file coords-v8.cif (mmCIF, C-alpha atoms)
data_my_file
loop_
_atom_site.group_PDB
_atom_site.id
_atom_site.type_symbol
_atom_site.label_atom_id
_atom_site.label_comp_id
_atom_site.auth_asym_id
_atom_site.auth_seq_id
_atom_site.Cartn_x
_atom_site.Cartn_y
_atom_site.Cartn_z
ATOM 1 C CA MET A 1 -10.233 -50.133 8.106
ATOM 2 C CA ASN A 2 -7.579 -47.487 7.354
ATOM 3 C CA LEU A 3 -10.292 -44.872 6.858
ATOM 4 C CA LYS A 4 -11.761 -45.636 10.300
ATOM 5 C CA LEU A 5 -8.323 -45.452 11.884
ATOM 6 C CA LEU A 6 -7.635 -42.140 10.160
ATOM 7 C CA SER A 7 -10.999 -40.761 11.284
ATOM 8 C CA CYS A 8 -10.358 -41.768 14.904
ATOM 9 C CA ALA A 9 -6.890 -40.240 14.810
ATOM 10 C CA SER A 10 -8.318 -36.996 13.393
ATOM 11 C CA VAL A 11 -10.952 -36.784 16.139
ATOM 12 C CA LEU A 12 -8.325 -37.403 18.820
ATOM 13 C CA LEU A 13 -5.964 -34.846 17.327
ATOM 14 C CA CYS A 14 -8.695 -32.221 17.135
ATOM 15 C CA SER A 15 -9.688 -32.844 20.748
ATOM 16 C CA PHE A 16 -6.060 -32.436 21.902
ATOM 17 C CA VAL A 17 -5.698 -29.221 19.923
ATOM 18 C CA SER A 18 -8.888 -27.810 21.399
ATOM 19 C CA LEU A 19 -7.627 -28.656 24.914
ATOM 20 C CA ALA A 20 -4.447 -26.623 24.433
ATOM 21 C CA GLU A 21 -4.436 -23.787 26.915
ATOM 22 C CA PRO A 22 -4.428 -20.363 25.300
ATOM 23 C CA ALA A 23 -1.438 -18.189 26.031
ATOM 24 C CA LYS A 24 -1.761 -16.084 29.163
ATOM 25 C CA PRO A 25 -0.947 -12.377 28.905
ATOM 26 C CA GLU A 26 1.604 -12.634 31.721
ATOM 27 C CA THR A 27 3.389 -15.472 29.907
ATOM 28 C CA VAL A 28 3.604 -13.424 26.715
ATOM 29 C CA ALA A 29 4.912 -10.480 28.765
ATOM 30 C CA LEU A 30 7.600 -12.718 30.264
ATOM 31 C CA LEU A 31 8.630 -13.921 26.807
ATOM 32 C CA LEU A 32 8.959 -10.357 25.567
ATOM 33 C CA LYS A 33 11.024 -9.564 28.658
ATOM 34 C CA VAL A 34 13.418 -12.529 28.404
ATOM 35 C CA THR A 35 13.916 -11.916 24.678
ATOM 36 C CA ASP A 36 14.609 -8.255 25.402
ATOM 37 C CA ALA A 37 12.112 -7.227 22.729
ATOM 38 C CA ALA A 38 12.170 -3.529 23.668
ATOM 39 C CA ALA A 39 15.974 -3.363 23.363
ATOM 40 C CA THR A 40 15.796 -5.193 20.035
ATOM 41 C CA LEU A 41 13.444 -2.483 18.803
ATOM 42 C CA ASP A 42 15.905 0.181 19.973
ATOM 43 C CA TYR A 43 18.632 -1.597 18.029
ATOM 44 C CA ALA A 44 16.393 -1.649 14.955
ATOM 45 C CA TYR A 45 15.984 2.120 15.264
ATOM 46 C CA ALA A 46 19.762 2.558 15.315
ATOM 47 C CA GLN A 47 19.986 0.427 12.185
ATOM 48 C CA LEU A 48 17.241 2.533 10.598
ATOM 49 C CA ASP A 49 19.254 5.687 11.317
ATOM 50 C CA GLN A 50 22.280 4.206 9.550
ATOM 51 C CA MET A 51 20.237 3.017 6.587
ATOM 52 C CA SER A 52 18.538 6.400 6.252
ATOM 53 C CA GLU A 53 21.878 8.152 6.237
ATOM 54 C CA GLN A 54 23.223 5.726 3.618
ATOM 55 C CA MET A 55 20.184 6.391 1.437
ATOM 56 C CA VAL A 56 20.714 10.137 1.734
ATOM 57 C CA ARG A 57 24.367 9.705 0.792
ATOM 58 C CA ALA A 58 23.440 7.582 -2.213
ATOM 59 C CA GLN A 59 20.788 10.008 -3.448
ATOM 60 C CA LEU A 60 22.458 13.305 -2.608
ATOM 61 C CA LYS A 61 26.201 13.540 -2.906
ATOM 62 C CA ASP A 62 26.359 16.470 -0.495
ATOM 63 C CA GLY A 63 23.276 15.503 1.530
ATOM 64 C CA LYS A 64 25.276 14.300 4.502
ATOM 65 C CA ASP A 65 26.645 17.783 5.113
ATOM 66 C CA ASP A 66 23.442 19.670 4.315
ATOM 67 C CA PRO A 67 21.895 20.856 7.618
ATOM 68 C CA LEU A 68 18.396 20.903 6.133
ATOM 69 C CA VAL A 69 18.697 17.332 4.868
ATOM 70 C CA GLN A 70 19.995 16.255 8.264
ATOM 71 C CA LYS A 71 17.105 18.045 9.974
ATOM 72 C CA HIS A 72 14.584 16.299 7.724
ATOM 73 C CA LEU A 73 16.227 12.955 8.361
ATOM 74 C CA ARG A 74 16.059 13.491 12.146
ATOM 75 C CA GLU A 75 12.385 14.480 11.868
ATOM 76 C CA LEU A 76 11.600 11.373 9.848
ATOM 77 C CA ASN A 77 13.417 9.087 12.261
ATOM 78 C CA GLN A 78 11.706 10.764 15.235
ATOM 79 C CA LEU A 79 8.290 10.296 13.633
ATOM 80 C CA ILE A 80 8.996 6.605 13.106
ATOM 81 C CA ARG A 81 10.217 6.220 16.692
ATOM 82 C CA SER A 82 7.145 7.913 18.145
ATOM 83 C CA GLU A 83 4.585 6.118 15.978
ATOM 84 C CA LEU A 84 6.292 2.739 16.254
ATOM 85 C CA SER A 85 7.521 2.994 19.848
ATOM 86 C CA TRP A 86 7.588 0.014 22.168
ATOM 87 C CA GLN A 87 4.642 1.569 24.010
ATOM 88 C CA GLN A 88 2.704 1.521 20.725
ATOM 89 C CA LEU A 89 3.830 -1.962 19.679
ATOM 90 C CA GLU A 90 3.863 -3.928 22.930
ATOM 91 C CA GLN A 91 0.123 -4.654 23.069
ATOM 92 C CA PRO A 92 -0.264 -5.680 19.404
ATOM 93 C CA MET A 93 2.906 -7.788 19.634
ATOM 94 C CA SER A 94 1.584 -9.485 22.763
ATOM 95 C CA ALA A 95 -1.705 -10.226 21.019
ATOM 96 C CA LEU A 96 0.179 -11.608 18.029
ATOM 97 C CA TYR A 97 2.277 -13.962 20.146
ATOM 98 C CA ALA A 98 -0.829 -15.059 22.081
ATOM 99 C CA SER A 99 -2.622 -15.845 18.821
ATOM 100 C CA VAL A 100 0.251 -17.923 17.447
ATOM 101 C CA PHE A 101 1.480 -19.859 20.496
ATOM 102 C CA THR A 102 -0.238 -21.850 23.216
ATOM 103 C CA GLU A 103 0.647 -21.470 26.887
ATOM 104 C CA ASP A 104 2.754 -24.652 26.810
ATOM 105 C CA GLU A 105 4.622 -23.537 23.701
ATOM 106 C CA LEU A 106 5.398 -20.163 25.250
ATOM 107 C CA GLN A 107 6.626 -21.869 28.420
ATOM 108 C CA GLY A 108 8.995 -23.967 26.307
ATOM 109 C CA ILE A 109 10.236 -20.947 24.384
ATOM 110 C CA ILE A 110 10.771 -19.029 27.640
ATOM 111 C CA ALA A 111 12.689 -21.977 29.104
ATOM 112 C CA PHE A 112 15.010 -21.857 26.101
ATOM 113 C CA TYR A 113 15.553 -18.093 26.345
ATOM 114 C CA GLN A 114 16.255 -18.381 30.061
ATOM 115 C CA SER A 115 18.903 -21.054 29.407
ATOM 116 C CA PRO A 116 22.549 -20.091 28.816
ATOM 117 C CA ALA A 117 22.148 -20.819 25.091
ATOM 118 C CA GLY A 118 18.999 -18.708 24.929
ATOM 119 C CA GLN A 119 20.644 -15.811 26.752
ATOM 120 C CA LYS A 120 23.564 -15.996 24.343
ATOM 121 C CA MET A 121 21.045 -15.883 21.490
ATOM 122 C CA VAL A 122 19.474 -12.732 22.963
ATOM 123 C CA LYS A 123 22.865 -11.066 23.459
ATOM 124 C CA ARG A 124 24.103 -11.962 19.979
ATOM 125 C CA GLN A 125 20.838 -11.156 18.170
ATOM 126 C CA PRO A 126 21.860 -7.583 17.271
ATOM 127 C CA GLU A 127 25.085 -8.892 15.752
ATOM 128 C CA LEU A 128 23.111 -11.455 13.749
ATOM 129 C CA ILE A 129 20.665 -8.813 12.562
ATOM 130 C CA GLN A 130 23.466 -6.504 11.446
ATOM 131 C CA ALA A 131 25.345 -9.277 9.659
ATOM 132 C CA SER A 132 22.130 -10.506 8.020
ATOM 133 C CA MET A 133 21.314 -7.027 6.772
ATOM 134 C CA ALA A 134 24.815 -6.614 5.348
ATOM 135 C CA MET A 135 24.596 -10.019 3.683
ATOM 136 C CA MET A 136 21.185 -9.209 2.174
ATOM 137 C CA GLN A 137 22.444 -5.845 0.945
ATOM 138 C CA GLU A 138 25.419 -7.536 -0.718
ATOM 139 C CA GLN A 139 23.199 -10.202 -2.270
ATOM 140 C CA SER A 140 20.814 -7.513 -3.493
ATOM 141 C CA MET A 141 23.659 -5.620 -5.148
ATOM 142 C CA GLN A 142 24.694 -8.794 -6.965
ATOM 143 C CA LEU A 143 21.086 -9.372 -7.994
ATOM 144 C CA MET A 144 20.519 -5.851 -9.363
ATOM 145 C CA PRO A 145 22.098 -6.464 -12.807
ATOM 146 C CA LYS A 146 19.898 -9.536 -13.279
ATOM 147 C CA ILE A 147 16.810 -7.600 -12.204
ATOM 148 C CA LYS A 148 17.711 -4.781 -14.576
ATOM 149 C CA GLN A 149 18.191 -7.262 -17.406
ATOM 150 C CA LEU A 150 14.831 -8.931 -16.679
ATOM 151 C CA VAL A 151 12.994 -5.594 -16.485
ATOM 152 C CA GLU A 152 14.507 -4.507 -19.793
ATOM 153 C CA LYS A 153 13.479 -7.804 -21.393
ATOM 154 C CA GLN A 154 9.941 -7.490 -20.030
ATOM 155 C CA SER A 155 9.745 -3.882 -21.164
ATOM 156 C CA GLN A 156 10.828 -4.920 -24.642
ATOM 157 C CA GLU A 157 8.162 -7.673 -24.671
ATOM 158 C CA ARG A 158 5.469 -5.155 -23.666
ATOM 159 C CA MET A 159 6.598 -2.781 -26.388
ATOM 160 C CA GLU A 160 6.508 -5.537 -28.987
ATOM 161 C CA GLN A 161 3.072 -6.619 -27.763
ATOM 162 C CA SER A 162 1.693 -3.077 -27.963
ATOM 163 C CA GLN A 163 3.039 -2.716 -31.510
ATOM 164 C CA LYS A 164 1.186 -5.863 -32.555
ATOM 165 C CA ASN A 165 -2.092 -4.484 -31.240
#

call {"tool": "encode", "arguments": {"input": "coords-v8.cif", "output": "structure tokens"}}
result
Amino acid sequence: MNLKLLSCASVLLCSFVSLAEPAKPETVALLLKVTDAAATLDYAYAQLDQMSEQMVRAQLKDGKDDPLVQKHLRELNQLIRSELSWQQLEQPMSALYASVFTEDELQGIIAFYQSPAGQKMVKRQPELIQASMAMMQEQSMQLMPKIKQLVEKQSQERMEQSQKN
């Protein structure tokens, strides 16, 4: 009896899933607009600039003041911006959202982002991203000694194993 009930429920569930309307391109476009996806990408580029400069500072003590290093850094950041511009990413991002969400799901997500809470989320997203990155960087720094210790242990084990062979 339970097997029959389960089978019927599975058939019904599958038929409801197959009836779900695929996401419409204009709905995906609206979602990307209300979430301010293009501006979020611009913010990510600004973060990338800061991270690149921090990496240069960490690797080269005088790199920050070296005009050639600065030129190379600008060229790298410009290459990333041109190859990963919103114009380059908008279509694949739209296709991705359309493949993951149904029309009804996108409508619900859009309704949230158009609400006061959703708009606050959009406005505060850059702050959250920055704080998250700082938190992850701090956590990573605390993790580095443990990673170093593990790598040394594993290296020692490989050396011992190779000596046995």

call {"tool": "axis_aligned_box", "arguments": {"input": "coords-v8.cif", "around": "range 146-156 of chain A", "padding_each_side": "8 Å", "output": "AutoDock Vina command-line options"}}
result
--center_x 14.8 --center_y -6.7 --center_z -18.4 --size_x 26.2 --size_y 21.7 --size_z 28.4

call {"tool": "atom_distance", "arguments": {"input": "coords-v8.cif", "atom1": "CA of Ala95 in chain A", "atom2": "CA of Leu48 in chain A"}}
result
25.1 Å

call {"tool": "resolve_selection", "arguments": {"input": "coords-v8.cif", "expression": "the PyMOL selection byres ((chain A and resi 106-112) around 9)", "output": "list in words"}}
result
Ala23, Thr27, Val28, Leu30, Leu31, Val34, Thr35, Tyr97, Ala98, Phe101, Thr102, Glu103, Asp104, Glu105, Tyr113, Gln114, Ser115, Pro116, Ala117, Gly118 and Gln119 of chain A

call {"tool": "atom_distance", "arguments": {"input": "coords-v8.cif", "atom1": "CA of Leu41 in chain A", "atom2": "CA of Trp86 in chain A"}}
result
7.2 Å

call {"tool": "atom_distance", "arguments": {"input": "coords-v8.cif", "atom1": "CA of Glu26 in chain A", "atom2": "CA of Glu83 in chain A"}}
result
24.7 Å

call {"tool": "residues_around", "arguments": {"input": "coords-v8.cif", "residues": "Ala44 in chain A", "least_positions_apart": "4", "cutoff": "9 Å", "atoms": "only C-alpha atoms", "output": "PDB file with C-alpha atoms, keeping the file's coordinate frame"}}
result
ATOM      1  CA  ALA A  39      15.974  -3.363  23.363  1.00  0.00           C
ATOM      2  CA  THR A  40      15.796  -5.193  20.035  1.00  0.00           C
ATOM      3  CA  LEU A  48      17.241   2.533  10.598  1.00  0.00           C
ATOM      4  CA  ASP A  49      19.254   5.687  11.317  1.00  0.00           C
ATOM      5  CA  PRO A 126      21.860  -7.583  17.271  1.00  0.00           C
ATOM      6  CA  ILE A 129      20.665  -8.813  12.562  1.00  0.00           C
TER       7      ILE A 129
END

call {"tool": "residues_around", "arguments": {"input": "coords-v8.cif", "residues": "range 66-75 of chain A", "least_positions_apart": "3", "cutoff": "12 Å", "atoms": "all atoms listed in the file", "output": "PyMOL selection string"}}
result
chain A and resi 45-46+48-57+59-63+78-82

call {"tool": "residues_around", "arguments": {"input": "coords-v8.cif", "residues": "range 130-145 of chain A", "least_positions_apart": "5", "cutoff": "10 Å", "atoms": "all atoms listed in the file", "output": "JSON, numbers by chain"}}
result
{"A": [43, 44, 47, 125, 150, 151]}

call {"tool": "write_last_selection", "arguments": {"input": "coords-v8.cif", "atoms": "C-alpha atoms", "output": "tab-separated table (two decimals), keeping the file's coordinate frame"}}
result
chain	number	residue	atom	x	y	z
A	43	TYR	CA	18.63	-1.60	18.03
A	44	ALA	CA	16.39	-1.65	14.96
A	47	GLN	CA	19.99	0.43	12.18
A	125	GLN	CA	20.84	-11.16	18.17
A	150	LEU	CA	14.83	-8.93	-16.68
A	151	VAL	CA	12.99	-5.59	-16.48
